[in-house]
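Listing of coords-v4.cif; format and content: mmCIF, N, CA and C atoms.
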```cif
data_upload
#
loop_
_atom_site.label_atom_id
_atom_site.label_comp_id
_atom_site.auth_asym_id
_atom_site.auth_seq_id
_atom_site.Cartn_x
_atom_site.Cartn_y
_atom_site.Cartn_z
N MET A 24 83.87 189.86 144.95
CA MET A 24 82.96 189.00 144.24
C MET A 24 82.83 187.69 144.98
N ASN A 25 81.61 187.19 145.03
CA ASN A 25 81.34 185.92 145.70
C ASN A 25 81.06 184.83 144.67
N SER A 26 81.16 183.60 145.11
CA SER A 26 80.77 182.47 144.27
C SER A 26 80.13 181.44 145.17
N TRP A 27 79.39 180.53 144.54
CA TRP A 27 78.79 179.45 145.29
C TRP A 27 78.53 178.28 144.38
N GLY A 28 78.19 177.16 144.99
CA GLY A 28 77.84 175.97 144.22
C GLY A 28 79.01 175.06 143.91
N SER A 29 80.17 175.30 144.48
CA SER A 29 81.32 174.44 144.21
C SER A 29 80.98 172.99 144.54
N GLY A 30 81.13 172.12 143.54
CA GLY A 30 80.84 170.71 143.73
C GLY A 30 79.37 170.34 143.59
N LEU A 31 78.50 171.34 143.41
CA LEU A 31 77.06 171.09 143.30
C LEU A 31 76.66 170.69 141.89
N PHE A 32 77.29 171.31 140.90
CA PHE A 32 76.85 171.16 139.52
C PHE A 32 77.61 170.08 138.76
N VAL A 33 76.88 169.35 137.92
CA VAL A 33 77.49 168.41 136.99
C VAL A 33 77.92 169.16 135.75
N ASP A 34 77.02 170.03 135.24
CA ASP A 34 77.25 170.77 134.00
C ASP A 34 76.43 172.06 134.03
N ASP A 35 76.91 173.04 134.83
CA ASP A 35 76.17 174.30 134.91
C ASP A 35 76.07 174.92 133.53
N HIS A 36 74.87 175.33 133.16
CA HIS A 36 74.61 175.72 131.78
C HIS A 36 74.02 177.11 131.65
N ASN A 37 72.95 177.39 132.35
CA ASN A 37 72.30 178.69 132.23
C ASN A 37 72.26 179.40 133.57
N ILE A 38 72.27 180.72 133.50
CA ILE A 38 72.10 181.52 134.70
C ILE A 38 71.13 182.64 134.35
N ASP A 39 70.12 182.80 135.19
CA ASP A 39 69.09 183.81 134.98
C ASP A 39 68.80 184.48 136.31
N VAL A 40 68.57 185.77 136.28
CA VAL A 40 68.15 186.51 137.46
C VAL A 40 66.71 186.91 137.22
N ASP A 41 65.81 186.50 138.11
CA ASP A 41 64.40 186.81 137.90
C ASP A 41 64.06 188.20 138.43
N ARG A 42 62.84 188.65 138.17
CA ARG A 42 62.38 189.99 138.55
C ARG A 42 62.32 190.18 140.06
N PHE A 43 62.40 189.09 140.82
CA PHE A 43 62.35 189.15 142.28
C PHE A 43 63.75 189.15 142.90
N GLY A 44 64.78 189.08 142.04
CA GLY A 44 66.17 189.12 142.52
C GLY A 44 66.78 187.77 142.81
N PHE A 45 66.07 186.69 142.50
CA PHE A 45 66.63 185.36 142.71
C PHE A 45 67.47 184.95 141.50
N VAL A 46 68.49 184.16 141.76
CA VAL A 46 69.39 183.68 140.72
C VAL A 46 69.08 182.21 140.45
N TRP A 47 68.80 181.91 139.18
CA TRP A 47 68.50 180.54 138.75
C TRP A 47 69.69 180.01 137.97
N ILE A 48 70.19 178.85 138.37
CA ILE A 48 71.30 178.21 137.65
C ILE A 48 70.85 176.81 137.26
N GLY A 49 70.95 176.55 135.97
CA GLY A 49 70.55 175.25 135.45
C GLY A 49 71.74 174.32 135.32
N ASP A 50 71.54 173.11 135.74
CA ASP A 50 72.54 172.05 135.63
C ASP A 50 72.07 171.09 134.55
N ARG A 51 72.50 171.36 133.33
CA ARG A 51 72.00 170.66 132.14
C ARG A 51 72.11 169.14 132.26
N ASN A 52 73.28 168.62 132.56
CA ASN A 52 73.44 167.17 132.65
C ASN A 52 73.15 166.62 134.04
N GLY A 53 72.94 167.52 135.00
CA GLY A 53 72.49 167.11 136.33
C GLY A 53 70.98 167.01 136.40
N GLN A 54 70.29 167.48 135.32
CA GLN A 54 68.83 167.37 135.18
C GLN A 54 68.06 168.20 136.20
N ILE A 55 68.59 169.38 136.56
CA ILE A 55 67.95 170.14 137.64
C ILE A 55 68.18 171.64 137.45
N GLU A 56 67.23 172.44 137.95
CA GLU A 56 67.34 173.89 137.98
C GLU A 56 67.33 174.32 139.44
N TYR A 57 68.30 175.17 139.82
CA TYR A 57 68.42 175.63 141.20
C TYR A 57 68.05 177.10 141.32
N LYS A 58 67.41 177.44 142.44
CA LYS A 58 67.07 178.83 142.75
C LYS A 58 67.88 179.24 143.98
N PHE A 59 68.59 180.38 143.86
CA PHE A 59 69.42 180.91 144.95
C PHE A 59 69.03 182.35 145.26
N THR A 60 69.31 182.75 146.50
CA THR A 60 69.27 184.18 146.80
C THR A 60 70.49 184.81 146.15
N LYS A 61 70.52 186.13 146.06
CA LYS A 61 71.68 186.78 145.45
C LYS A 61 72.93 186.61 146.31
N GLU A 62 72.75 186.19 147.57
CA GLU A 62 73.89 185.90 148.44
C GLU A 62 74.39 184.47 148.28
N GLY A 63 73.67 183.66 147.51
CA GLY A 63 74.12 182.30 147.23
C GLY A 63 73.48 181.21 148.05
N LYS A 64 72.43 181.54 148.82
CA LYS A 64 71.74 180.51 149.59
C LYS A 64 70.73 179.81 148.67
N GLN A 65 70.84 178.48 148.58
CA GLN A 65 69.88 177.72 147.78
C GLN A 65 68.54 177.72 148.49
N VAL A 66 67.48 178.11 147.76
CA VAL A 66 66.15 178.16 148.36
C VAL A 66 65.17 177.18 147.71
N MET A 67 65.52 176.66 146.54
CA MET A 67 64.64 175.70 145.88
C MET A 67 65.39 175.02 144.74
N SER A 68 64.91 173.86 144.36
CA SER A 68 65.37 173.21 143.13
C SER A 68 64.15 172.58 142.47
N ILE A 69 64.22 172.51 141.15
CA ILE A 69 63.15 171.86 140.38
C ILE A 69 63.81 170.81 139.50
N GLY A 70 63.27 169.61 139.51
CA GLY A 70 63.85 168.48 138.80
C GLY A 70 64.34 167.46 139.80
N THR A 71 64.81 166.35 139.29
CA THR A 71 65.36 165.30 140.14
C THR A 71 66.81 165.09 139.74
N LYS A 72 67.71 165.48 140.62
CA LYS A 72 69.13 165.44 140.28
C LYS A 72 69.55 164.05 139.81
N GLY A 73 70.17 164.02 138.62
CA GLY A 73 70.71 162.79 138.08
C GLY A 73 69.70 161.86 137.43
N VAL A 74 68.42 162.25 137.42
CA VAL A 74 67.38 161.39 136.86
C VAL A 74 66.85 162.03 135.58
N LYS A 75 66.96 161.30 134.47
CA LYS A 75 66.44 161.80 133.19
C LYS A 75 64.95 161.52 133.09
N GLY A 76 64.21 162.55 132.67
CA GLY A 76 62.78 162.39 132.44
C GLY A 76 62.48 162.47 130.95
N ASP A 77 61.31 161.97 130.57
CA ASP A 77 60.90 162.06 129.18
C ASP A 77 59.94 163.25 129.01
N ASP A 78 59.34 163.37 127.84
CA ASP A 78 58.45 164.50 127.55
C ASP A 78 57.17 164.52 128.38
N THR A 79 56.89 163.46 129.15
CA THR A 79 55.68 163.42 129.96
C THR A 79 55.96 163.57 131.46
N SER A 80 57.22 163.61 131.85
CA SER A 80 57.57 163.65 133.27
C SER A 80 57.17 164.97 133.93
N HIS A 81 56.66 164.86 135.16
CA HIS A 81 56.31 166.04 135.96
C HIS A 81 57.43 166.43 136.91
N THR A 82 58.41 165.53 137.12
CA THR A 82 59.43 165.77 138.14
C THR A 82 60.87 165.70 137.63
N SER A 83 61.07 165.32 136.38
CA SER A 83 62.43 165.16 135.87
C SER A 83 62.56 165.76 134.47
N PHE A 84 63.77 166.24 134.17
CA PHE A 84 64.09 166.81 132.88
C PHE A 84 65.09 165.92 132.15
N ASN A 85 65.35 166.25 130.89
CA ASN A 85 66.43 165.62 130.15
C ASN A 85 67.23 166.72 129.47
N ARG A 86 68.18 167.24 130.21
CA ARG A 86 69.08 168.31 129.79
C ARG A 86 68.34 169.65 129.62
N PRO A 87 67.78 170.20 130.72
CA PRO A 87 67.10 171.48 130.65
C PRO A 87 68.08 172.59 130.26
N SER A 88 67.55 173.64 129.60
CA SER A 88 68.45 174.65 129.04
C SER A 88 68.20 176.08 129.48
N ASP A 89 67.06 176.38 130.09
CA ASP A 89 66.79 177.76 130.48
C ASP A 89 65.62 177.82 131.45
N THR A 90 65.54 178.93 132.18
CA THR A 90 64.47 179.16 133.13
C THR A 90 63.97 180.58 132.99
N PHE A 91 62.65 180.75 133.08
CA PHE A 91 62.04 182.08 133.08
C PHE A 91 61.00 182.12 134.19
N VAL A 92 60.97 183.23 134.94
CA VAL A 92 59.98 183.41 135.99
C VAL A 92 59.02 184.52 135.58
N ALA A 93 57.74 184.20 135.53
CA ALA A 93 56.69 185.14 135.12
C ALA A 93 56.39 186.14 136.23
N PRO A 94 55.68 187.22 135.91
CA PRO A 94 55.32 188.22 136.92
C PRO A 94 54.56 187.64 138.12
N ASN A 95 53.78 186.59 137.90
CA ASN A 95 53.04 185.98 139.01
C ASN A 95 53.87 184.97 139.79
N GLY A 96 55.13 184.77 139.39
CA GLY A 96 56.03 183.85 140.09
C GLY A 96 56.10 182.46 139.50
N ASP A 97 55.21 182.14 138.54
CA ASP A 97 55.30 180.83 137.89
C ASP A 97 56.66 180.67 137.21
N VAL A 98 57.17 179.45 137.24
CA VAL A 98 58.49 179.13 136.69
C VAL A 98 58.30 178.29 135.43
N PHE A 99 58.98 178.69 134.35
CA PHE A 99 58.93 177.97 133.09
C PHE A 99 60.33 177.46 132.78
N VAL A 100 60.45 176.16 132.59
CA VAL A 100 61.75 175.54 132.31
C VAL A 100 61.76 175.02 130.88
N ALA A 101 62.72 175.49 130.08
CA ALA A 101 62.91 174.96 128.73
C ALA A 101 63.64 173.63 128.86
N ASP A 102 63.00 172.58 128.41
CA ASP A 102 63.55 171.22 128.49
C ASP A 102 63.61 170.68 127.07
N GLY A 103 64.58 171.20 126.29
CA GLY A 103 64.53 170.94 124.87
C GLY A 103 65.77 170.40 124.21
N TYR A 104 66.80 170.08 124.98
CA TYR A 104 67.96 169.45 124.33
C TYR A 104 67.60 168.05 123.86
N ASP A 105 67.08 167.25 124.78
CA ASP A 105 66.68 165.89 124.43
C ASP A 105 65.16 165.72 124.46
N ASN A 106 64.47 166.56 125.21
CA ASN A 106 63.01 166.59 125.20
C ASN A 106 62.54 167.71 124.29
N HIS A 107 61.24 167.96 124.27
CA HIS A 107 60.66 168.90 123.31
C HIS A 107 59.56 169.70 123.97
N ARG A 108 59.90 170.37 125.09
CA ARG A 108 58.84 170.96 125.88
C ARG A 108 59.31 172.11 126.76
N ILE A 109 58.33 172.85 127.24
CA ILE A 109 58.50 173.81 128.32
C ILE A 109 57.62 173.29 129.44
N VAL A 110 58.14 173.29 130.65
CA VAL A 110 57.38 172.79 131.79
C VAL A 110 57.09 173.97 132.71
N GLN A 111 55.83 174.13 133.06
CA GLN A 111 55.39 175.23 133.93
C GLN A 111 55.18 174.71 135.34
N PHE A 112 55.71 175.47 136.31
CA PHE A 112 55.56 175.17 137.74
C PHE A 112 55.04 176.41 138.45
N SER A 113 54.39 176.23 139.56
CA SER A 113 53.98 177.36 140.40
C SER A 113 55.22 177.93 141.08
N LYS A 114 55.05 179.07 141.75
CA LYS A 114 56.20 179.71 142.40
C LYS A 114 56.81 178.85 143.50
N ASP A 115 56.06 177.88 144.01
CA ASP A 115 56.62 176.98 145.03
C ASP A 115 57.17 175.69 144.43
N GLY A 116 57.17 175.59 143.08
CA GLY A 116 57.75 174.42 142.41
C GLY A 116 56.78 173.30 142.12
N THR A 117 55.49 173.53 142.33
CA THR A 117 54.48 172.51 142.04
C THR A 117 54.21 172.47 140.53
N PHE A 118 54.22 171.27 139.97
CA PHE A 118 53.96 171.09 138.54
C PHE A 118 52.60 171.66 138.17
N ILE A 119 52.55 172.41 137.04
CA ILE A 119 51.28 172.92 136.51
C ILE A 119 50.95 172.25 135.20
N LYS A 120 51.85 172.37 134.20
CA LYS A 120 51.54 171.76 132.91
C LYS A 120 52.78 171.68 132.03
N ILE A 121 52.63 170.89 130.97
CA ILE A 121 53.65 170.76 129.93
C ILE A 121 53.16 171.49 128.70
N ILE A 122 54.01 172.30 128.13
CA ILE A 122 53.72 173.00 126.87
C ILE A 122 54.57 172.31 125.81
N GLY A 123 53.94 171.83 124.76
CA GLY A 123 54.66 171.06 123.74
C GLY A 123 54.71 169.61 124.15
N GLY A 124 55.91 169.05 124.13
CA GLY A 124 56.08 167.65 124.49
C GLY A 124 56.06 166.72 123.29
N VAL A 125 56.01 167.31 122.09
CA VAL A 125 56.01 166.52 120.86
C VAL A 125 57.06 167.13 119.93
N ALA A 126 57.93 166.29 119.39
CA ALA A 126 58.97 166.77 118.48
C ALA A 126 58.36 167.20 117.16
N GLY A 127 58.85 168.30 116.60
CA GLY A 127 58.39 168.72 115.28
C GLY A 127 58.35 170.22 115.13
N HIS A 128 57.81 170.63 113.99
CA HIS A 128 57.77 172.05 113.65
C HIS A 128 56.36 172.57 113.45
N GLY A 129 55.36 171.76 113.77
CA GLY A 129 53.98 172.16 113.60
C GLY A 129 53.41 172.76 114.88
N PRO A 130 52.12 173.13 114.85
CA PRO A 130 51.46 173.68 116.03
C PRO A 130 51.57 172.74 117.23
N GLY A 131 51.99 173.28 118.36
CA GLY A 131 52.12 172.48 119.57
C GLY A 131 53.35 171.60 119.63
N GLN A 132 54.20 171.67 118.61
CA GLN A 132 55.40 170.86 118.57
C GLN A 132 56.62 171.76 118.76
N LEU A 133 57.67 171.21 119.36
CA LEU A 133 58.90 171.96 119.60
C LEU A 133 60.09 171.10 119.19
N GLU A 134 61.13 171.76 118.73
CA GLU A 134 62.35 171.06 118.30
C GLU A 134 63.55 171.96 118.60
N GLY A 135 64.55 171.40 119.26
CA GLY A 135 65.77 172.16 119.54
C GLY A 135 65.54 173.36 120.45
N LEU A 136 64.64 173.23 121.38
CA LEU A 136 64.29 174.32 122.30
C LEU A 136 65.47 174.63 123.21
N HIS A 137 65.89 175.87 123.22
CA HIS A 137 67.08 176.23 124.02
C HIS A 137 66.79 177.31 125.04
N GLY A 138 65.78 178.15 124.83
CA GLY A 138 65.50 179.23 125.76
C GLY A 138 64.01 179.41 125.93
N VAL A 139 63.64 180.18 126.93
CA VAL A 139 62.23 180.50 127.16
C VAL A 139 62.13 181.93 127.68
N LEU A 140 61.28 182.72 127.03
CA LEU A 140 60.96 184.08 127.44
C LEU A 140 59.46 184.28 127.29
N MET A 141 58.97 185.39 127.77
CA MET A 141 57.54 185.65 127.69
C MET A 141 57.34 187.13 127.40
N ASP A 142 56.37 187.45 126.55
CA ASP A 142 56.12 188.87 126.31
C ASP A 142 55.21 189.43 127.41
N SER A 143 55.01 190.73 127.39
CA SER A 143 54.28 191.40 128.47
C SER A 143 52.78 191.07 128.48
N LYS A 144 52.27 190.44 127.44
CA LYS A 144 50.84 190.13 127.36
C LYS A 144 50.49 188.78 127.96
N ALA A 145 51.47 187.96 128.25
CA ALA A 145 51.22 186.62 128.77
C ALA A 145 51.25 186.61 130.30
N VAL A 146 50.57 185.65 130.87
CA VAL A 146 50.46 185.41 132.31
C VAL A 146 50.32 186.68 133.08
#
```
Since I need it in another form, could you write the structure as structure tokens?
Amino acid sequence: MNSWGSGLFVDDHNIDVDRFGFVWIGDRNGQIEYKFTKEGKQVMSIGTKGVKGDDTSHTSFNRPSDTFVAPNGDVFVADGYDNHRIVQFSKDGTFIKIIGGVAGHGPGQLEGLHGVLMDSKAV
């Protein structure tokens, strides 16, 4: 068994393997999501390490909690511990849009967001 990332993470929180075989590890209090090959080579990161973002930020999170990669490669990050949103990025990490971004329980509002998944009819 192999391991990687020693000393990289402040608070490793989530681990997801996408349909393309990449491993995503979220650093909740480090404010960043990392993408690795299955051999442990870091190939991308999304977020700004150590920088807290608000619900409008395109480049920073505030305690992200999960990552999902869609069939087209778009990346969705649940940023809901302290924020109230899902942030969508292209497969190369370019910001696309914010889903939610307003606290609450009504249409378009999110509260206590911890995970993100997608059904087969989306994207």
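The coordinates place atom C of A:Ile119 at 23.8 Å from atom C of A:His36.
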Using only N, CA and C atoms, I'd like a table of the residues in stretch 86-124 of chain A that come within 8 Å of stretch 56-75 of chain A; for each, show the closest atom pair and its distance in Å rounded to one decimal, ordered by chain and ascending number, as a tab-separated table.
```
residue	atom	partner	partner_atom	distance
A:Arg86	N	A:Lys75	CA	6.4
A:Pro87	CA	A:Glu56	N	7.4
A:Asp89	C	A:Glu56	CA	7.8
A:Thr90	CA	A:Glu56	CA	7.7
A:Asp115	C	A:Met67	CA	7.6
A:Gly116	CA	A:Ile69	CA	6.3
```
Running the PyMOL selection byres (((chain A and resi 121-134 and name CA) around 9) and name CA) on this model by hand, what would come out? Give it as an NGL selection string.
:A and (77-81 or 103-104 or 106-111 or 118-120 or 135-136)
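All residues of protein, DNA or RNA that reach within 10 Å of A:Val139, judged by only C-alpha atoms and not counting those fewer than 6 positions away in the chain, are Ser88, Asp89, Thr90, Phe91, Val92, Phe99, Val100, Ala101, Asp102 and Ile109 of chain A.
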Preceding selection exported with N, CA and C atoms as a compact mmCIF listing (two decimals), keeping the file's coordinate frame:
```txt
# COMPACT_ATOMS: atom_id res chain seq x y z
N SER A 88 67.55 173.64 129.60
CA SER A 88 68.45 174.65 129.04
C SER A 88 68.20 176.08 129.48
N ASP A 89 67.06 176.38 130.09
CA ASP A 89 66.79 177.76 130.48
C ASP A 89 65.62 177.82 131.45
N THR A 90 65.54 178.93 132.18
CA THR A 90 64.47 179.16 133.13
C THR A 90 63.97 180.58 132.99
N PHE A 91 62.65 180.75 133.08
CA PHE A 91 62.04 182.08 133.08
C PHE A 91 61.00 182.12 134.19
N VAL A 92 60.97 183.23 134.94
CA VAL A 92 59.98 183.41 135.99
C VAL A 92 59.02 184.52 135.58
N PHE A 99 58.98 178.69 134.35
CA PHE A 99 58.93 177.97 133.09
C PHE A 99 60.33 177.46 132.78
N VAL A 100 60.45 176.16 132.59
CA VAL A 100 61.75 175.54 132.31
C VAL A 100 61.76 175.02 130.88
N ALA A 101 62.72 175.49 130.08
CA ALA A 101 62.91 174.96 128.73
C ALA A 101 63.64 173.63 128.86
N ASP A 102 63.00 172.58 128.41
CA ASP A 102 63.55 171.22 128.49
C ASP A 102 63.61 170.68 127.07
N ILE A 109 58.33 172.85 127.24
CA ILE A 109 58.50 173.81 128.32
C ILE A 109 57.62 173.29 129.44
```
Here's the selection I'm unsure about, the PyMOL selection byres ((chain A and resi 35) around 5); applied to the file above, which residues does it give, as a PyMOL selection string?
chain A and resi 32-34+36-37+49-51
List every residue of stretch 27-143 of chain A that DSSP, applied to the backbone of this structure, places in strand (DSSP E or B), and write the result as a PyMOL selection string.
chain A and resi 35-40+46-50+55-59+65-70+75+84+89-92+98-102+108-112+118-123+126+133
Coordinates-based distance that separates atom N of A:Arg42 from atom CA of A:Ser113 (Å, one decimal):
14.5 Å
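With only N, CA and C atoms as the atoms that count, the minimum distance from A:Asn85 to the choices A:His137, A:Val46, A:Asp105, A:Gly30 is reached by A:Asp105.
Interatomic distance, atom CA of A:Asn52 to atom CA of A:Pro94: 28.1 Å.
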Give the answer as one residue: which of A:Val40, A:Asp142, A:Val98, A:Ser83 has the shortest atom-to-atom distance to A:Phe112, using only N, CA and C atoms?
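So, comparing all the options, the nearest one is A:Val98.
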Grab all the atoms of stretch 73-87 of chain A that the file lists, wrap them in a box along x, y and z, add 8 Å per side, and give me centre plus edge lengths in Å (one decimal) as AutoDock Vina command-line options.
```
--center_x 63.2 --center_y 166.9 --center_z 133.1 --size_x 31.0 --size_y 27.3 --size_z 27.1
```
